[in-house]
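start-v3.txt (compact mmCIF, C-alpha atoms) appears below.
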# COMPACT_ATOMS: atom_id res chain seq x y z
CA MET A 27 0.00 0.00 0.00
CA GLN A 28 1.30 3.45 -0.92
CA LYS A 29 2.29 5.61 2.05
CA LEU A 30 0.31 8.87 1.76
CA ILE A 31 1.61 10.91 4.69
CA SER A 32 5.16 11.59 5.81
CA LYS A 33 6.08 10.15 9.20
CA LYS A 34 7.25 13.48 10.57
CA LYS A 35 6.61 16.97 9.25
CA PRO A 36 9.23 19.59 10.17
CA THR A 37 8.24 22.75 12.01
CA TYR A 38 8.58 25.85 9.83
CA PRO A 39 9.44 29.22 11.41
CA ILE A 40 7.25 32.31 11.12
CA THR A 41 8.69 34.73 8.56
CA ASN A 42 8.82 38.49 9.06
CA SER A 43 6.10 39.04 6.44
CA LEU A 44 3.79 36.51 8.10
CA SER A 45 4.47 38.09 11.48
CA GLU A 46 3.54 41.51 10.05
CA TYR A 47 0.34 40.03 8.60
CA LEU A 48 -0.60 38.51 11.97
CA THR A 49 0.06 41.81 13.74
CA LYS A 50 -2.07 43.72 11.22
CA TYR A 51 -5.05 41.44 11.88
CA ALA A 52 -4.64 41.32 15.69
CA ARG A 53 -3.33 37.77 15.83
CA THR A 54 -0.17 38.64 17.78
CA ILE A 55 -0.03 39.87 21.34
CA LYS A 56 2.34 39.73 24.27
CA ILE A 57 1.46 36.78 26.47
CA PRO A 58 2.43 35.91 30.05
CA ILE A 59 3.60 32.35 29.36
CA PHE A 60 5.42 30.41 26.64
CA TYR A 61 5.06 26.87 25.38
CA ASP A 62 8.49 25.95 26.77
CA ASP A 63 7.42 27.05 30.27
CA LEU A 64 4.83 24.28 30.36
CA LEU A 65 7.44 21.63 29.54
CA ARG A 66 8.92 21.99 33.03
CA TYR A 67 6.41 19.58 34.61
CA GLN A 68 7.52 17.29 37.44
CA GLY A 69 5.40 14.24 36.64
CA SER A 70 2.28 12.95 34.90
CA VAL A 71 -0.58 10.42 34.92
CA THR A 72 -2.34 8.81 31.96
CA VAL A 73 -5.70 10.26 30.89
CA TYR A 74 -8.33 7.73 29.78
CA ASP A 75 -11.38 8.49 27.65
CA LYS A 76 -14.95 7.73 28.69
CA HIS A 77 -14.65 4.22 27.22
CA GLY A 78 -11.59 3.42 29.35
CA ASN A 79 -9.10 3.66 26.49
CA ASP A 80 -5.77 5.49 26.62
CA SER A 81 -6.55 8.94 25.19
CA LEU A 82 -2.85 9.55 24.31
CA TRP A 83 -2.97 12.54 26.68
CA ILE A 84 -1.21 12.73 30.03
CA GLN A 85 -2.18 15.04 32.89
CA VAL A 86 0.92 16.86 34.09
CA TYR A 87 1.71 18.48 37.42
CA TYR A 88 4.29 20.99 38.59
CA SER A 89 6.21 21.85 41.72
CA GLU A 90 4.27 24.00 44.19
CA TYR A 91 6.35 27.09 43.45
CA GLU A 92 5.97 26.86 39.67
CA ARG A 93 2.33 25.76 39.75
CA LYS A 94 1.10 29.04 41.24
CA GLU A 95 3.01 31.11 38.70
CA ILE A 96 1.91 28.95 35.76
CA GLU A 97 -1.76 28.87 36.79
CA LEU A 98 -1.84 32.67 37.17
CA SER A 99 -0.28 33.06 33.71
CA LEU A 100 -2.81 30.64 32.19
CA LYS A 101 -5.72 32.59 33.71
CA GLN A 102 -4.28 35.76 32.17
CA MET A 103 -3.96 33.90 28.86
CA TYR A 104 -7.66 32.99 29.04
CA SER A 105 -8.57 36.61 29.69
CA ILE A 106 -6.53 37.77 26.69
CA LEU A 107 -8.04 35.16 24.34
CA HIS A 108 -11.67 35.37 25.43
CA SER A 109 -12.05 38.81 27.02
CA ASP A 110 -10.32 42.19 27.24
CA GLY A 111 -7.17 40.94 28.93
CA SER A 112 -7.91 42.63 32.27
CA ASP A 113 -7.33 40.99 35.67
CA THR A 114 -10.95 41.40 36.82
CA LEU A 115 -11.80 37.84 35.72
CA LEU A 116 -8.91 36.13 37.48
CA PRO A 117 -10.49 35.62 40.97
CA TYR A 118 -13.34 33.69 39.32
CA LEU A 119 -11.16 31.31 37.30
CA ASN A 120 -9.56 28.01 38.25
CA ILE A 121 -7.15 25.86 36.25
CA ASP A 122 -8.64 22.39 36.70
CA SER A 123 -6.10 20.47 34.64
CA ILE A 124 -3.14 20.75 32.29
CA ASP A 125 -2.89 17.86 29.82
CA TYR A 126 -0.07 17.15 27.38
CA CYS A 127 -0.27 15.13 24.16
CA THR A 128 2.91 13.48 22.89
CA PHE A 129 1.10 12.19 19.78
CA GLY A 130 1.33 14.23 16.57
CA ASN A 131 3.45 17.11 15.34
CA SER A 132 2.29 20.01 17.52
CA LYS A 133 2.54 18.23 20.93
CA PRO A 134 -0.12 20.50 22.44
CA PHE A 135 -0.98 21.34 26.01
CA ARG A 136 -4.72 21.34 26.75
CA ILE A 137 -5.80 23.66 29.55
CA LYS A 138 -9.16 23.28 31.32
CA VAL A 139 -10.29 26.64 32.71
CA ARG A 140 -13.34 26.66 35.01
CA ASN A 141 -15.49 29.51 36.28
CA VAL A 142 -15.74 28.88 40.03
CA LEU A 143 -19.06 30.75 40.32
CA ASN A 144 -21.05 28.42 38.08
CA ASP A 145 -18.73 25.50 37.18
CA ASN A 146 -18.84 26.27 33.46
CA TYR A 147 -15.53 25.44 31.85
CA ILE A 148 -13.70 25.84 28.57
CA PHE A 149 -10.52 24.45 27.04
CA LEU A 150 -7.68 26.26 25.35
CA TYR A 151 -4.58 24.84 23.67
CA ILE A 152 -0.96 25.96 23.76
CA LYS A 153 1.34 24.68 21.02
CA LYS A 154 4.63 25.34 19.32
CA ALA A 155 4.06 27.95 16.63
CA ASP A 156 4.47 26.51 13.12
CA ALA A 157 4.00 28.53 9.93
CA SER A 158 2.14 25.66 8.22
CA ARG A 159 -0.39 25.49 11.01
CA ILE A 160 -0.86 29.26 11.11
CA TYR A 161 -1.56 29.35 7.37
CA GLY A 162 -4.04 26.52 7.92
CA LEU A 163 -5.81 28.35 10.74
CA GLU A 164 -6.05 31.59 8.75
CA LEU A 165 -7.32 29.83 5.64
CA GLU A 166 -9.93 28.04 7.75
CA HIS A 167 -11.00 31.40 9.15
CA LEU A 168 -11.28 32.98 5.69
CA LEU A 169 -12.53 30.16 3.48
CA SER A 170 -14.64 27.85 5.67
CA PRO A 171 -18.00 28.47 7.39
CA ASN A 172 -16.11 28.62 10.70
CA HIS A 173 -14.26 31.43 12.45
CA ILE A 174 -11.09 30.62 14.37
CA ASN A 175 -9.74 32.48 17.39
CA PHE A 176 -5.98 32.16 17.98
CA LEU A 177 -2.98 34.19 19.10
CA VAL A 178 0.74 33.99 18.33
CA TYR A 179 3.74 35.29 20.24
CA GLY A 180 7.28 34.18 19.45
CA ASN A 181 7.33 30.38 19.25
CA THR A 182 4.02 29.97 21.08
CA LEU A 183 0.57 29.46 19.55
CA ILE A 184 -2.65 29.70 21.58
CA GLU A 185 -5.87 28.28 20.12
CA GLU A 186 -9.43 28.19 21.34
CA HIS A 187 -11.15 24.83 21.67
CA ILE A 188 -13.29 23.63 18.73
CA SER A 189 -16.32 21.87 20.16
CA GLY A 190 -17.74 18.70 18.66
CA ILE A 191 -17.68 14.91 18.76
CA PRO A 192 -14.32 13.52 17.59
CA GLY A 193 -14.81 11.99 14.15
CA ASP A 194 -13.41 8.58 15.07
CA ASP A 195 -15.61 8.42 18.18
CA PHE A 196 -18.69 9.41 16.16
CA ILE A 197 -18.00 6.81 13.46
CA THR A 198 -17.42 4.03 16.00
CA HIS A 199 -20.21 4.73 18.48
CA GLN A 200 -22.92 6.81 16.83
CA LEU A 201 -22.98 6.49 13.05
CA GLU A 202 -24.88 3.21 12.94
CA LYS A 203 -27.55 4.56 15.32
CA CYS A 204 -28.41 7.45 13.00
CA SER A 205 -31.65 7.45 11.01
CA GLU A 206 -31.55 7.06 7.23
CA GLN A 207 -32.25 10.77 6.78
CA ASP A 208 -29.43 11.63 9.18
CA LYS A 209 -27.08 9.33 7.26
CA ARG A 210 -27.91 11.15 4.03
CA GLU A 211 -27.20 14.45 5.78
CA ILE A 212 -23.86 13.15 7.10
CA ALA A 213 -22.93 11.81 3.65
CA LYS A 214 -23.70 15.19 2.10
CA GLU A 215 -21.53 16.96 4.68
CA PHE A 216 -18.64 14.56 4.11
CA VAL A 217 -18.75 15.23 0.36
CA LYS A 218 -18.64 18.98 1.00
CA PHE A 219 -15.91 18.65 3.63
CA ASN A 220 -13.88 16.47 1.27
CA GLU A 221 -14.13 19.08 -1.48
CA ARG A 222 -13.31 21.98 0.84
CA CYS A 223 -10.15 20.29 2.14
CA PHE A 224 -9.04 19.47 -1.40
CA VAL A 225 -9.51 22.96 -2.84
CA ARG A 226 -7.68 24.70 0.02
CA LEU A 227 -5.03 21.93 0.26
CA LEU A 228 -5.62 20.94 3.88
CA GLY A 229 -4.19 17.46 4.32
CA ASP A 230 -4.35 14.58 6.79
CA MET A 231 -8.03 14.83 7.67
CA ARG A 232 -8.15 11.41 9.27
CA SER A 233 -11.17 10.84 11.49
CA TYR A 234 -9.39 11.98 14.67
CA ASN A 235 -8.39 15.29 13.07
CA TYR A 236 -11.94 16.61 12.69
CA VAL A 237 -15.08 16.78 14.81
CA MET A 238 -18.74 16.28 14.05
CA VAL A 239 -20.86 19.24 15.16
CA LEU A 240 -24.55 18.54 15.80
CA THR A 241 -27.06 21.40 15.83
CA ASN A 242 -30.76 20.97 16.61
CA ASP A 243 -32.83 22.58 13.88
CA PHE A 244 -36.60 22.98 14.26
CA ASP A 245 -37.40 19.63 12.62
CA ARG A 246 -34.04 17.83 12.37
CA ILE A 247 -30.41 17.65 13.47
CA GLN A 248 -27.88 19.41 11.29
CA TYR A 249 -24.48 17.75 10.95
CA ARG A 250 -21.31 19.68 10.17
CA ILE A 251 -17.71 18.48 9.97
CA ARG A 252 -15.01 20.84 11.30
CA ALA A 253 -11.28 20.39 10.96
CA ILE A 254 -9.38 20.68 14.24
CA ASP A 255 -5.82 19.98 13.09
CA PHE A 256 -4.05 22.24 10.61
CA ASP A 257 -0.46 20.97 10.69
CA GLN A 258 -0.67 19.50 7.20
CA GLN A 259 -1.58 22.67 5.34
CA SER A 260 0.03 22.53 1.88
CA TYR A 261 2.89 20.21 2.82
CA GLU A 262 2.53 16.78 1.21
CA GLY A 263 3.02 16.05 -2.49
CA ASN A 264 0.43 13.33 -3.02
CA VAL A 265 -2.89 14.81 -4.18
CA LYS A 266 -4.80 12.08 -2.30
CA VAL A 267 -3.58 13.41 1.07
CA TYR A 268 -5.84 16.44 0.57
CA ARG A 269 -8.93 14.30 -0.03
CA PRO A 270 -10.27 12.71 3.17
CA GLN A 271 -11.98 10.04 1.05
CA PHE A 272 -8.62 8.36 0.43
CA LEU A 273 -7.66 8.02 4.10
CA LYS A 274 -8.54 4.59 5.47
CA GLU A 275 -9.79 6.04 8.77
CA ASN A 276 -12.70 7.52 6.81
CA ASN A 277 -13.69 4.32 4.98
CA GLU A 278 -17.05 4.08 6.79
CA LEU A 279 -18.04 7.55 5.63
CA VAL A 280 -16.89 6.83 2.08
CA GLU A 281 -19.04 3.68 2.06
CA LEU A 282 -21.93 5.68 3.49
CA VAL A 283 -21.71 8.20 0.65
CA SER A 284 -21.72 5.37 -1.91
CA SER A 285 -24.75 3.71 -0.33
CA VAL A 286 -27.05 6.70 0.27
CA LEU A 287 -26.15 9.29 -2.39
CA LYS A 288 -26.45 9.00 -6.17
CA GLN A 289 -23.61 10.38 -8.27
CA PRO A 290 -25.59 13.41 -9.55
CA SER A 291 -26.16 14.43 -5.91
CA VAL A 292 -22.46 14.04 -5.13
CA GLU A 293 -21.57 16.28 -8.08
CA GLN A 294 -24.18 18.82 -6.99
CA TYR A 295 -22.75 19.05 -3.47
CA LYS A 296 -19.21 19.41 -4.87
CA ARG A 297 -20.36 22.32 -7.05
CA GLU A 298 -22.13 23.93 -4.10
CA GLU A 299 -18.99 23.77 -1.95
CA ARG A 300 -16.74 25.12 -4.71
CA SER A 301 -19.17 27.99 -5.23
CA LEU A 302 -19.20 28.80 -1.51
CA LEU A 303 -15.40 28.74 -1.43
CA ALA A 304 -15.26 31.09 -4.42
CA LYS A 305 -17.73 33.47 -2.76
CA ARG A 306 -15.77 33.53 0.50
CA ALA A 307 -12.48 34.03 -1.33
CA THR A 308 -13.98 36.92 -3.30
CA SER A 309 -15.52 38.61 -0.25
CA GLU A 310 -12.24 38.25 1.71
CA ASN A 311 -10.17 39.23 -1.33
CA SER A 312 -8.00 41.92 0.29
CA ARG A 313 -7.03 39.93 3.38
CA LEU A 314 -6.64 36.70 1.42
CA LYS A 315 -4.29 38.39 -1.06
CA LYS A 316 -2.05 39.55 1.77
CA LEU A 317 -1.99 36.06 3.28
CA MET A 318 -1.22 34.45 -0.08
CA LEU A 319 1.62 36.92 -0.66
CA CYS A 320 3.19 35.76 2.62
CA MET A 321 2.71 32.14 1.60
CA ARG A 322 4.23 32.66 -1.84
CA GLU A 323 7.36 34.09 -0.22
CA ASP A 324 7.56 31.27 2.35
CA GLU A 325 9.07 27.81 2.37
CA ILE A 326 6.66 25.36 3.98
CA SER A 327 7.41 22.16 2.07
CA GLN A 328 10.16 20.32 0.22
CA PRO A 329 11.07 20.60 -3.49
CA ALA A 330 10.17 16.98 -4.27
CA LYS A 331 6.73 17.36 -2.68
CA ILE A 332 6.08 20.66 -4.47
CA SER A 333 7.00 19.07 -7.80
CA GLU A 334 4.78 16.03 -7.15
CA LEU A 335 1.76 18.10 -6.12
CA LYS A 336 1.84 20.59 -8.98
CA LYS A 337 2.19 17.71 -11.45
CA GLY A 338 -0.76 15.88 -9.89
CA LEU A 339 -2.99 18.96 -9.94
CA PHE A 340 -2.02 19.78 -13.52
CA GLU A 341 -2.99 16.26 -14.60
CA LEU A 342 -6.35 16.64 -12.83
CA THR A 343 -7.26 20.09 -14.12
CA GLY A 344 -5.14 20.80 -17.20
CA ASP A 345 -4.51 24.29 -15.76
CA ILE A 346 -1.04 25.45 -16.84
CA GLU A 347 -0.79 27.70 -13.75
CA PHE A 348 -0.14 24.63 -11.61
CA LYS A 349 2.76 23.64 -13.84
CA LYS A 350 4.25 27.14 -13.51
CA SER A 351 4.06 27.19 -9.69
CA LYS A 352 7.37 27.31 -7.83
CA ASN A 353 6.19 26.70 -4.24
CA MET A 354 3.18 25.70 -2.15
CA GLY A 355 1.90 29.28 -1.91
CA GLU A 356 1.77 29.56 -5.70
CA ILE A 357 0.10 26.15 -5.99
CA LEU A 358 -2.63 27.11 -3.51
CA GLY A 359 -3.04 30.49 -5.23
CA ALA A 360 -3.51 28.71 -8.55
CA ALA A 361 -6.10 26.37 -6.98
CA LEU A 362 -8.13 29.28 -5.57
CA ASP A 363 -7.87 31.23 -8.83
CA PHE A 364 -9.06 28.15 -10.71
CA ILE A 365 -12.13 27.82 -8.48
CA ILE A 366 -12.99 31.54 -8.62
CA ARG A 367 -12.55 31.69 -12.38
CA ASN A 368 -14.78 28.68 -12.99
CA TYR A 369 -17.42 29.98 -10.57
CA LYS A 370 -17.59 33.33 -12.38
CA ASN A 371 -17.66 31.68 -15.80
CA GLU A 372 -20.46 29.30 -14.88
CA ASN A 373 -22.71 31.73 -12.98
CA PRO A 374 -24.84 33.66 -15.51
CA PHE A 375 -26.24 35.97 -12.82
CA LEU A 376 -22.93 37.59 -11.89
CA ARG A 377 -22.37 41.03 -13.35
Since I need it in another form, could you write the structure as structure tokens?
Amino acid sequence: MQKLISKKKPTYPITNSLSEYLTKYARTIKIPIFYDDLLRYQGSVTVYDKHGNDSLWIQVYYSEYERKEIELSLKQMYSILHSDGSDTLLPYLNIDSIDYCTFGNSKPFRIKVRNVLNDNYIFLYIKKADASRIYGLELEHLLSPNHINFLVYGNTLIEEHISGIPGDDFITHQLEKCSEQDKREIAKEFVKFNERCFVRLLGDMRSYNYVMVLTNDFDRIQYRIRAIDFDQQSYEGNVKVYRPQFLKENNELVELVSSVLKQPSVEQYKREERSLLAKRATSENSRLKKLMLCMREDEISQPAKISELKKGLFELTGDIEFKKSKNMGEILGAALDFIIRNYKNENPFLR
């Protein structure tokens, strides 16, 4: 079987132009704690999920002296990310747990922050800043139906929690219990998610890298799939990496699409998603252009992968712009231009 995804993706530094972009759009701010500060933990215990399985997270603890300083800094971090950054919230916050994940590229810390007045809590994540991931987060913010809240300072990235049922958990424990109408809705969403990831070159959307979001509508449940991991933004060379349908962890959803949707419906949903992407790209034109300029000047992949990807996309589309591309930024720019151009050419109502 062909190996689709590299074993280890390198971390790419934030360039000056990307840093200036982030500052312009209020993504950078001085923060009271760095990723490396959290690595000074004294010990840990394994965290198990609700089914009793190893979650691949460990709960870490610190010496008494460092714990007080770290917890105060994390409360301030919460205030900066979710409020106005003032200290007025701090007496009402408690850091319930600090978890660390050694699985994956970003090795994140997950912080559980609880309001002591009402026991409501929220998670935030602290990770090593990586240019690939930041491009992925920004593109998700601009081109998907979802807005993303994150901050960057130096080598530290702070992200808000994205709520939902982990895709692998949903597939294993809930998919079969869904009604036939719900399964058709889920199949439709997977087709659209698959197309969105492909067009914007977001790779490695295995089932544990996205969540299923359920919303009660007045006569049904709406299902939406949201990416939660953006490390593999425009890195790999194999075109299939950017299509979740080719990742074995998603086989159940691929089979579901085949069983409940006819091919004309699949093509319809693909067109709908491409049109929505084109509309979002057009409406965010100014900001997107600035981001793409940063990406075109950046190095976030390897020459062999760039060559493989532009060849694969040229063979799929016949668009010479892919063949001309020199880096991942130019390849993604060509993909977005291709979608926008086709949308405008096919829509007779645009002036």
Leu303 in chain A: which residues within 10 Å, counting all atoms listed in the file, same-chain residues fewer than 5 positions away excluded, as a list in words?
-> Leu168, Leu169, Ser170, Pro171, Glu221, Arg222, Val225, Arg226, Arg297, Glu298, Thr308, Ser309, Leu362, Ile365, Ile366 and Tyr369 of chain A
Identify the residues within 12 Å of coordinate (-20.9, 5.3, -0.3) (same frame as the file), considering all atoms listed in the file, and give the answer as an MDAnalysis selection string.
-> chainID A and resid 209:210 212:214 216:217 271 276:289 291:292
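Distances from A:Pro117, A:Tyr261, A:Ile191, A:Ile326 to Ile40 in chain A were compared using all atoms listed in the file, and the smallest one belongs to A:Ile326.
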Just want the 8 Å neighbourhood of Gln102 in chain A, counted on only C-alpha atoms, with same-chain residues fewer than 2 positions away dropped. Output as an mmCIF file with C-alpha atoms, in the coordinates of the input.
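Result file is selection-v6.cif:
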data_model
loop_
_atom_site.group_PDB
_atom_site.id
_atom_site.type_symbol
_atom_site.label_atom_id
_atom_site.label_comp_id
_atom_site.auth_asym_id
_atom_site.auth_seq_id
_atom_site.Cartn_x
_atom_site.Cartn_y
_atom_site.Cartn_z
ATOM 1 C CA PRO A 58 2.430 35.910 30.050
ATOM 2 C CA LEU A 98 -1.840 32.670 37.170
ATOM 3 C CA SER A 99 -0.280 33.060 33.710
ATOM 4 C CA LEU A 100 -2.810 30.640 32.190
ATOM 5 C CA TYR A 104 -7.660 32.990 29.040
ATOM 6 C CA SER A 105 -8.570 36.610 29.690
ATOM 7 C CA ILE A 106 -6.530 37.770 26.690
ATOM 8 C CA GLY A 111 -7.170 40.940 28.930
ATOM 9 C CA SER A 112 -7.910 42.630 32.270
ATOM 10 C CA ASP A 113 -7.330 40.990 35.670
ATOM 11 C CA LEU A 116 -8.910 36.130 37.480
#
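Note that CA of Met354 in chain A and CA of Lys316 in chain A are 15.3 Å apart.
Rounded to one decimal, CA of Asp245 in chain A and CA of Gln207 in chain A lie 11.8 Å from each other.
Minimum distance to Thr182 in chain A across A:Lys101, A:His77, A:Lys56, A:Lys266 (counting all atoms listed in the file) occurs at A:Lys56.
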Using only C-alpha atoms, which residues sit within 12 Å of range 336-338 of chain A once same-chain residues fewer than 6 positions away are excluded, as a PyMOL selection string?
-> chain A and resi 227+260-268+329-330+344-361
Smallest atom-to-atom distance to Asp156 in chain A: which of A:Gln68, A:Asn181, A:Asn79, A:Ser312, using all atoms listed in the file?
-> A:Asn181
What residues have an atom no more than 9 Å from (-18.6, 20.5, 16.0) in the file's own frame, counting only C-alpha atoms, and can you write them as a PyMOL selection string?
-> chain A and resi 188-192+236-241+249-253
To one decimal in Å, tell me the separation between CA of Tyr234 in chain A and CA of Trp83 in chain A.
-> 13.6 Å
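With distances restricted to all atoms listed in the file, A:Ile84 is the closest residue to Phe129 in chain A from A:Met103, A:Ala157, A:Ile84, A:Ile57.
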